[in-house]
$ cat start.cif   # mmCIF, C-alpha atoms
data_upload
loop_
_atom_site.label_atom_id
_atom_site.label_comp_id
_atom_site.auth_asym_id
_atom_site.auth_seq_id
_atom_site.Cartn_x
_atom_site.Cartn_y
_atom_site.Cartn_z
CA MET A 15 -13.44 12.61 -1.45
CA LYS A 16 -9.74 12.45 -2.27
CA LEU A 17 -8.86 8.81 -1.60
CA VAL A 18 -5.56 7.02 -2.19
CA ILE A 19 -4.91 3.30 -1.61
CA LEU A 20 -1.39 2.14 -0.75
CA ASP A 21 0.24 -1.25 -0.46
CA ARG A 22 2.22 -1.71 2.77
CA ASP A 23 5.27 -4.02 2.59
CA GLY A 24 7.79 -2.77 0.04
CA THR A 25 5.85 0.46 -0.53
CA ILE A 26 5.63 2.07 2.93
CA ASN A 27 8.04 -0.15 4.87
CA SER A 28 10.92 -2.50 4.12
CA ASP A 29 9.83 -5.90 2.88
CA SER A 30 11.36 -9.27 3.77
CA ASP A 31 11.33 -12.67 2.10
CA GLU A 32 10.89 -14.03 5.64
CA PHE A 33 7.87 -11.70 6.20
CA VAL A 34 7.64 -8.68 8.47
CA LYS A 35 6.49 -10.35 11.70
CA THR A 36 7.11 -7.92 14.58
CA PRO A 37 7.03 -4.18 15.28
CA ASP A 38 10.85 -4.24 15.44
CA GLU A 39 10.95 -5.66 11.90
CA TRP A 40 8.50 -2.99 10.66
CA VAL A 41 10.84 -0.24 9.39
CA PRO A 42 9.54 2.60 7.21
CA LEU A 43 11.25 3.27 3.90
CA PRO A 44 13.10 6.61 3.69
CA GLY A 45 10.64 9.46 3.25
CA ALA A 46 7.55 7.23 3.12
CA LEU A 47 5.90 8.43 6.33
CA GLU A 48 6.68 12.05 5.51
CA ALA A 49 5.06 11.55 2.09
CA MET A 50 1.97 10.04 3.69
CA ALA A 51 1.78 13.00 6.09
CA ARG A 52 1.88 15.33 3.09
CA LEU A 53 -1.17 13.53 1.70
CA THR A 54 -3.02 13.97 5.00
CA HIS A 55 -2.13 17.68 5.11
CA ALA A 56 -3.47 18.07 1.55
CA GLY A 57 -6.83 16.54 2.51
CA TRP A 58 -6.35 13.03 1.15
CA HIS A 59 -7.80 9.95 2.86
CA VAL A 60 -5.05 7.32 3.01
CA VAL A 61 -6.04 3.65 3.09
CA ILE A 62 -3.77 0.59 3.10
CA ALA A 63 -4.57 -2.65 1.25
CA SER A 64 -2.11 -5.40 2.16
CA ASN A 65 -1.70 -9.15 1.75
CA GLN A 66 -0.67 -10.52 5.15
CA SER A 67 -0.38 -14.24 4.43
CA GLY A 68 2.02 -14.57 7.37
CA LEU A 69 -1.16 -14.75 9.47
CA GLY A 70 -2.54 -17.70 7.48
CA ARG A 71 0.86 -19.35 7.52
CA GLY A 72 1.06 -19.05 11.32
CA LEU A 73 4.20 -16.85 11.25
CA PHE A 74 2.62 -14.15 13.44
CA ASP A 75 -0.73 -13.42 15.03
CA VAL A 76 -3.25 -10.57 14.82
CA ALA A 77 -1.86 -9.00 18.01
CA SER A 78 1.56 -8.73 16.34
CA LEU A 79 0.01 -7.27 13.19
CA ASN A 80 -1.91 -4.74 15.29
CA ALA A 81 1.31 -3.83 17.12
CA MET A 82 3.05 -3.21 13.76
CA HIS A 83 0.20 -0.96 12.68
CA ALA A 84 0.19 0.83 16.04
CA LYS A 85 3.88 1.62 15.49
CA MET A 86 3.09 2.92 12.00
CA HIS A 87 0.19 5.06 13.28
CA LYS A 88 2.31 6.50 16.10
CA MET A 89 5.25 7.36 13.83
CA LEU A 90 2.94 8.82 11.20
CA GLY A 91 0.94 10.76 13.79
CA ALA A 92 4.13 12.40 15.06
CA LEU A 93 4.46 13.87 11.55
CA GLY A 94 0.84 15.03 11.46
CA GLY A 95 -0.22 12.21 9.15
CA ARG A 96 -2.97 9.65 9.37
CA VAL A 97 -4.06 6.35 7.84
CA ASP A 98 -7.85 6.23 7.71
CA ALA A 99 -8.05 2.42 7.52
CA VAL A 100 -5.94 -0.69 7.06
CA PHE A 101 -7.49 -3.53 5.05
CA TYR A 102 -5.59 -6.81 4.94
CA CYS A 103 -5.99 -10.30 3.59
CA PRO A 104 -5.00 -12.81 6.31
CA HIS A 105 -5.15 -15.85 4.02
CA SER A 106 -2.37 -18.02 2.68
CA PRO A 107 -2.26 -18.45 -1.12
CA GLU A 108 -3.67 -21.99 -0.78
CA GLU A 109 -6.92 -20.73 0.79
CA SER A 110 -8.26 -19.40 -2.53
CA CYS A 111 -9.98 -16.36 -1.03
CA THR A 112 -11.25 -13.36 -3.00
CA CYS A 113 -9.43 -10.75 -0.91
CA ARG A 114 -5.85 -11.78 -1.71
CA LYS A 115 -4.21 -9.53 -4.28
CA PRO A 116 -4.12 -9.79 -7.33
CA LEU A 117 -7.89 -10.26 -6.85
CA ALA A 118 -9.89 -7.11 -6.16
CA GLY A 119 -11.64 -8.14 -2.93
CA LEU A 120 -9.75 -5.79 -0.59
CA PHE A 121 -10.36 -2.88 -2.95
CA GLU A 122 -14.06 -3.74 -3.21
CA GLN A 123 -14.23 -3.75 0.61
CA ILE A 124 -12.59 -0.29 0.68
CA GLY A 125 -15.06 1.09 -1.86
CA ALA A 126 -17.98 -0.32 0.14
CA ARG A 127 -16.66 0.96 3.49
CA PHE A 128 -16.09 4.48 2.18
CA GLY A 129 -19.18 4.46 -0.04
CA VAL A 130 -17.33 5.61 -3.13
CA PRO A 131 -16.72 4.19 -6.59
CA LEU A 132 -13.03 3.41 -7.06
CA LYS A 133 -12.88 4.44 -10.73
CA GLY A 134 -9.77 6.60 -11.07
CA VAL A 135 -8.74 6.34 -7.42
CA PRO A 136 -4.93 6.26 -7.38
CA THR A 137 -3.31 3.17 -5.92
CA ALA A 138 0.41 2.59 -5.43
CA GLY A 139 2.31 -0.61 -4.83
CA ASP A 140 5.65 -2.30 -5.47
CA SER A 141 4.37 -5.40 -7.29
CA VAL A 142 2.31 -6.32 -10.31
CA ARG A 143 -0.25 -8.11 -8.12
CA ASP A 144 -0.86 -4.91 -6.11
CA LEU A 145 -1.65 -3.02 -9.29
CA LEU A 146 -3.70 -5.78 -10.91
CA ALA A 147 -5.98 -5.82 -7.86
CA GLY A 148 -6.41 -2.06 -7.93
CA ALA A 149 -6.94 -1.91 -11.69
CA ALA A 150 -9.56 -4.69 -11.48
CA ALA A 151 -11.50 -2.44 -9.09
CA GLY A 152 -11.14 0.56 -11.42
CA CYS A 153 -8.25 2.28 -9.68
CA GLU A 154 -5.47 4.18 -11.43
CA PRO A 155 -2.30 2.03 -11.02
CA HIS A 156 1.05 3.47 -9.92
CA LEU A 157 4.18 1.34 -9.52
CA VAL A 158 6.85 2.41 -7.03
CA LEU A 159 10.36 1.12 -7.69
CA THR A 160 10.96 -0.04 -4.13
CA GLY A 161 10.50 -3.44 -2.49
CA LYS A 162 9.80 -6.11 -5.10
CA SER A 163 10.37 -3.65 -7.98
CA ALA A 164 13.60 -2.04 -6.72
CA GLY A 165 15.54 -4.01 -9.34
CA TYR A 166 13.90 -1.95 -12.10
CA ARG A 167 15.38 1.38 -10.98
CA ASP A 168 18.01 1.16 -13.72
CA GLY A 169 15.41 0.52 -16.41
CA GLY A 170 12.74 -1.84 -17.58
CA GLN A 171 9.47 -2.76 -15.90
CA PRO A 172 8.01 -5.95 -14.50
CA GLU A 173 5.91 -7.94 -16.94
CA GLY A 174 2.14 -7.91 -16.64
CA LEU A 175 1.56 -4.35 -15.44
CA PRO A 176 -1.97 -3.09 -16.07
CA PRO A 177 -2.28 -0.74 -19.06
CA GLY A 178 -1.69 2.89 -18.14
CA THR A 179 0.47 2.15 -15.10
CA LEU A 180 2.55 5.16 -14.09
CA VAL A 181 5.99 4.50 -12.60
CA HIS A 182 7.66 6.43 -9.75
CA THR A 183 11.00 5.93 -8.01
CA ASP A 184 9.38 5.65 -4.57
CA LEU A 185 6.38 6.66 -2.46
CA PRO A 186 7.60 10.26 -1.99
CA ALA A 187 7.85 10.65 -5.81
CA PHE A 188 4.33 9.21 -6.22
CA VAL A 189 2.96 11.63 -3.61
CA GLU A 190 4.75 14.56 -5.27
CA PHE A 191 3.10 13.56 -8.57
CA LEU A 192 -0.36 13.38 -6.94
CA LEU A 193 -0.02 16.69 -5.15
CA ASN A 194 1.27 18.50 -8.25
CA ARG A 195 -1.51 17.02 -10.38
CA SER A 196 -4.24 18.04 -7.95
CA ALA A 197 -2.83 21.51 -7.22
CA PRO A 198 -4.90 24.41 -8.52
CA ALA A 199 -3.43 26.00 -11.66
#
$ encode --input "start.cif" --output "structure tokens"
Amino acid sequence: MKLVILDRDGTINSDSDEFVKTPDEWVPLPGALEAMARLTHAGWHVVIASNQSGLGRGLFDVASLNAMHAKMHKMLGALGGRVDAVFYCPHSPEESCTCRKPLAGLFEQIGARFGVPLKGVPTAGDSVRDLLAGAAAGCEPHLVLTGKSAGYRDGGQPEGLPPGTLVHTDLPAFVEFLLNRSAPA
């Protein structure tokens, strides 16, 4: 099974210091949905792993989160793409759960749900904590220079990246890398 695990806010859609709380605030980054559709067309299973502490903080409810994801699914579906599953941590940082990234709980849930080991499964995100969580579960970490890491586009990298992290300008560049790597010679 070709499986890829993506962060949401800052990787697929615009992020906000005030949290993305409504479907109107959920805005895809340029080329992100098209890139995800390319993965679907190439036979990849796309899964999202996202911290959504706005739920635990009372900033929005599950109905609002579901409406944001419905918007994403509809826009992606119009391009022939699909997200196979969305896994999210609803807890605030103070709740000390095991599913909040940088811990590997969400990734472990994904591996269990799909019945596959995550060793070498590519994961992409815009923050060190996204990649630490994936690497702790055995995934291959990829940093996209959007969202929280957009400031590194002119050089440098955030501190604390897992060893072997590959860096891409954005989600479309990550997808291009994956598709070229998996293309038959």
$ residues_around --input "start.cif" --residues "Ser64 of chain A" --least-positions-apart "5" --cutoff "12 Å" --atoms "only C-alpha atoms" --output "number ranges by chain"
A: 19-27, 29, 69, 79, 83, 99-105, 113-121, 124, 137-141, 143-145, 147-148
$ write_last_selection --input "start.cif" --atoms "C-alpha atoms" --output "PDB file, in the coordinates of the input"
ATOM      1  CA  ILE A  19      -4.910   3.300  -1.610  1.00  0.00           C
ATOM      2  CA  LEU A  20      -1.390   2.140  -0.750  1.00  0.00           C
ATOM      3  CA  ASP A  21       0.240  -1.250  -0.460  1.00  0.00           C
ATOM      4  CA  ARG A  22       2.220  -1.710   2.770  1.00  0.00           C
ATOM      5  CA  ASP A  23       5.270  -4.020   2.590  1.00  0.00           C
ATOM      6  CA  GLY A  24       7.790  -2.770   0.040  1.00  0.00           C
ATOM      7  CA  THR A  25       5.850   0.460  -0.530  1.00  0.00           C
ATOM      8  CA  ILE A  26       5.630   2.070   2.930  1.00  0.00           C
ATOM      9  CA  ASN A  27       8.040  -0.150   4.870  1.00  0.00           C
ATOM     10  CA  ASP A  29       9.830  -5.900   2.880  1.00  0.00           C
ATOM     11  CA  LEU A  69      -1.160 -14.750   9.470  1.00  0.00           C
ATOM     12  CA  LEU A  79       0.010  -7.270  13.190  1.00  0.00           C
ATOM     13  CA  HIS A  83       0.200  -0.960  12.680  1.00  0.00           C
ATOM     14  CA  ALA A  99      -8.050   2.420   7.520  1.00  0.00           C
ATOM     15  CA  VAL A 100      -5.940  -0.690   7.060  1.00  0.00           C
ATOM     16  CA  PHE A 101      -7.490  -3.530   5.050  1.00  0.00           C
ATOM     17  CA  TYR A 102      -5.590  -6.810   4.940  1.00  0.00           C
ATOM     18  CA  CYS A 103      -5.990 -10.300   3.590  1.00  0.00           C
ATOM     19  CA  PRO A 104      -5.000 -12.810   6.310  1.00  0.00           C
ATOM     20  CA  HIS A 105      -5.150 -15.850   4.020  1.00  0.00           C
ATOM     21  CA  CYS A 113      -9.430 -10.750  -0.910  1.00  0.00           C
ATOM     22  CA  ARG A 114      -5.850 -11.780  -1.710  1.00  0.00           C
ATOM     23  CA  LYS A 115      -4.210  -9.530  -4.280  1.00  0.00           C
ATOM     24  CA  PRO A 116      -4.120  -9.790  -7.330  1.00  0.00           C
ATOM     25  CA  LEU A 117      -7.890 -10.260  -6.850  1.00  0.00           C
ATOM     26  CA  ALA A 118      -9.890  -7.110  -6.160  1.00  0.00           C
ATOM     27  CA  GLY A 119     -11.640  -8.140  -2.930  1.00  0.00           C
ATOM     28  CA  LEU A 120      -9.750  -5.790  -0.590  1.00  0.00           C
ATOM     29  CA  PHE A 121     -10.360  -2.880  -2.950  1.00  0.00           C
ATOM     30  CA  ILE A 124     -12.590  -0.290   0.680  1.00  0.00           C
ATOM     31  CA  THR A 137      -3.310   3.170  -5.920  1.00  0.00           C
ATOM     32  CA  ALA A 138       0.410   2.590  -5.430  1.00  0.00           C
ATOM     33  CA  GLY A 139       2.310  -0.610  -4.830  1.00  0.00           C
ATOM     34  CA  ASP A 140       5.650  -2.300  -5.470  1.00  0.00           C
ATOM     35  CA  SER A 141       4.370  -5.400  -7.290  1.00  0.00           C
ATOM     36  CA  ARG A 143      -0.250  -8.110  -8.120  1.00  0.00           C
ATOM     37  CA  ASP A 144      -0.860  -4.910  -6.110  1.00  0.00           C
ATOM     38  CA  LEU A 145      -1.650  -3.020  -9.290  1.00  0.00           C
ATOM     39  CA  ALA A 147      -5.980  -5.820  -7.860  1.00  0.00           C
ATOM     40  CA  GLY A 148      -6.410  -2.060  -7.930  1.00  0.00           C
TER      41      GLY A 148
END
$ closest_residue --input "start.cif" --among "A:Asn65, A:Thr54, A:Asn194, A:Thr160" --to "Leu17 of chain A" --atoms "only C-alpha atoms"
A:Thr54
$ residues_around --input "start.cif" --residues "Pro136 of chain A" --least-positions-apart "5" --cutoff "7 Å" --atoms "only C-alpha atoms" --output "PDB file with C-alpha atoms, keeping the file's coordinate frame"
ATOM      1  CA  VAL A  18      -5.560   7.020  -2.190  1.00  0.00           C
ATOM      2  CA  ILE A  19      -4.910   3.300  -1.610  1.00  0.00           C
ATOM      3  CA  CYS A 153      -8.250   2.280  -9.680  1.00  0.00           C
ATOM      4  CA  GLU A 154      -5.470   4.180 -11.430  1.00  0.00           C
ATOM      5  CA  PRO A 155      -2.300   2.030 -11.020  1.00  0.00           C
TER       6      PRO A 155
END
$ atom_distance --input "start.cif" --atom1 "atom CA of Ala151 of chain A" --atom2 "atom CA of Trp40 of chain A"
28.1 Å
$ atom_distance --input "start.cif" --atom1 "atom CA of Gly45 of chain A" --atom2 "atom CA of Gly161 of chain A"
14.1 Å
$ decode --input "start.cif" --residues "segment 165-177 of chain A" --atoms "all heavy atoms" --output "compact mmCIF listing (two decimals), in the first residue's frame"
# COMPACT_ATOMS: atom_id res chain seq x y z
N GLY A 165 9.35 31.00 6.92
CA GLY A 165 10.46 31.90 7.15
C GLY A 165 11.83 31.32 6.78
O GLY A 165 12.81 32.04 6.74
N TYR A 166 11.87 30.02 6.48
CA TYR A 166 13.14 29.37 6.13
C TYR A 166 13.32 29.24 4.62
O TYR A 166 14.28 28.63 4.16
CB TYR A 166 13.23 27.99 6.79
CG TYR A 166 13.31 28.08 8.28
CD1 TYR A 166 12.16 27.92 9.07
CD2 TYR A 166 14.51 28.36 8.92
CE1 TYR A 166 12.23 28.03 10.45
CE2 TYR A 166 14.59 28.48 10.29
CZ TYR A 166 13.44 28.30 11.06
OH TYR A 166 13.51 28.42 12.42
N ARG A 167 12.44 29.84 3.84
CA ARG A 167 12.55 29.74 2.38
C ARG A 167 13.83 30.35 1.85
O ARG A 167 14.32 29.93 0.80
CB ARG A 167 11.35 30.38 1.70
CG ARG A 167 10.13 29.50 1.77
CD ARG A 167 9.01 30.04 0.91
NE ARG A 167 8.02 28.99 0.79
CZ ARG A 167 7.40 28.69 -0.33
NH1 ARG A 167 7.67 29.35 -1.42
NH2 ARG A 167 6.52 27.74 -0.36
N ASP A 168 14.38 31.34 2.55
CA ASP A 168 15.61 31.98 2.10
C ASP A 168 16.85 31.31 2.67
O ASP A 168 17.96 31.79 2.48
CB ASP A 168 15.60 33.47 2.46
CG ASP A 168 14.55 34.24 1.69
OD1 ASP A 168 14.24 33.83 0.55
OD2 ASP A 168 14.03 35.22 2.23
N GLY A 169 16.68 30.22 3.37
CA GLY A 169 17.82 29.48 3.90
C GLY A 169 17.64 29.09 5.35
O GLY A 169 16.79 29.62 6.06
N GLY A 170 18.45 28.16 5.78
CA GLY A 170 18.37 27.67 7.14
C GLY A 170 17.26 26.65 7.31
O GLY A 170 16.50 26.38 6.38
N GLN A 171 17.19 26.08 8.49
CA GLN A 171 16.16 25.11 8.85
C GLN A 171 15.82 25.28 10.32
O GLN A 171 16.66 25.70 11.11
CB GLN A 171 16.66 23.69 8.61
CG GLN A 171 16.89 23.33 7.18
CD GLN A 171 17.37 21.88 7.02
OE1 GLN A 171 17.59 21.17 7.99
NE2 GLN A 171 17.55 21.47 5.80
N PRO A 172 14.60 24.92 10.69
CA PRO A 172 14.27 24.98 12.12
C PRO A 172 15.13 23.99 12.90
O PRO A 172 15.51 22.95 12.38
CB PRO A 172 12.79 24.60 12.17
CG PRO A 172 12.41 24.12 10.83
CD PRO A 172 13.49 24.47 9.87
N GLU A 173 15.42 24.33 14.14
CA GLU A 173 16.19 23.44 15.00
C GLU A 173 15.35 22.26 15.44
O GLU A 173 14.15 22.38 15.63
CB GLU A 173 16.68 24.20 16.23
CG GLU A 173 17.76 25.21 15.91
CD GLU A 173 18.33 25.84 17.18
OE1 GLU A 173 18.33 25.18 18.23
OE2 GLU A 173 18.75 27.01 17.08
N GLY A 174 16.02 21.12 15.60
CA GLY A 174 15.36 19.94 16.16
C GLY A 174 14.72 19.01 15.15
O GLY A 174 13.99 18.10 15.54
N LEU A 175 14.98 19.22 13.85
CA LEU A 175 14.41 18.31 12.85
C LEU A 175 14.96 16.90 13.05
O LEU A 175 16.13 16.73 13.39
CB LEU A 175 14.76 18.79 11.43
CG LEU A 175 14.02 20.01 10.92
CD1 LEU A 175 14.59 20.44 9.57
CD2 LEU A 175 12.53 19.76 10.81
N PRO A 176 14.13 15.88 12.81
CA PRO A 176 14.64 14.51 12.91
C PRO A 176 15.74 14.27 11.87
O PRO A 176 15.71 14.87 10.79
CB PRO A 176 13.42 13.64 12.59
CG PRO A 176 12.24 14.53 12.73
CD PRO A 176 12.71 15.92 12.49
N PRO A 177 16.70 13.42 12.19
CA PRO A 177 17.75 13.10 11.22
C PRO A 177 17.14 12.59 9.92
O PRO A 177 16.15 11.85 9.94
CB PRO A 177 18.56 11.99 11.91
CG PRO A 177 18.26 12.15 13.36
CD PRO A 177 16.87 12.70 13.45
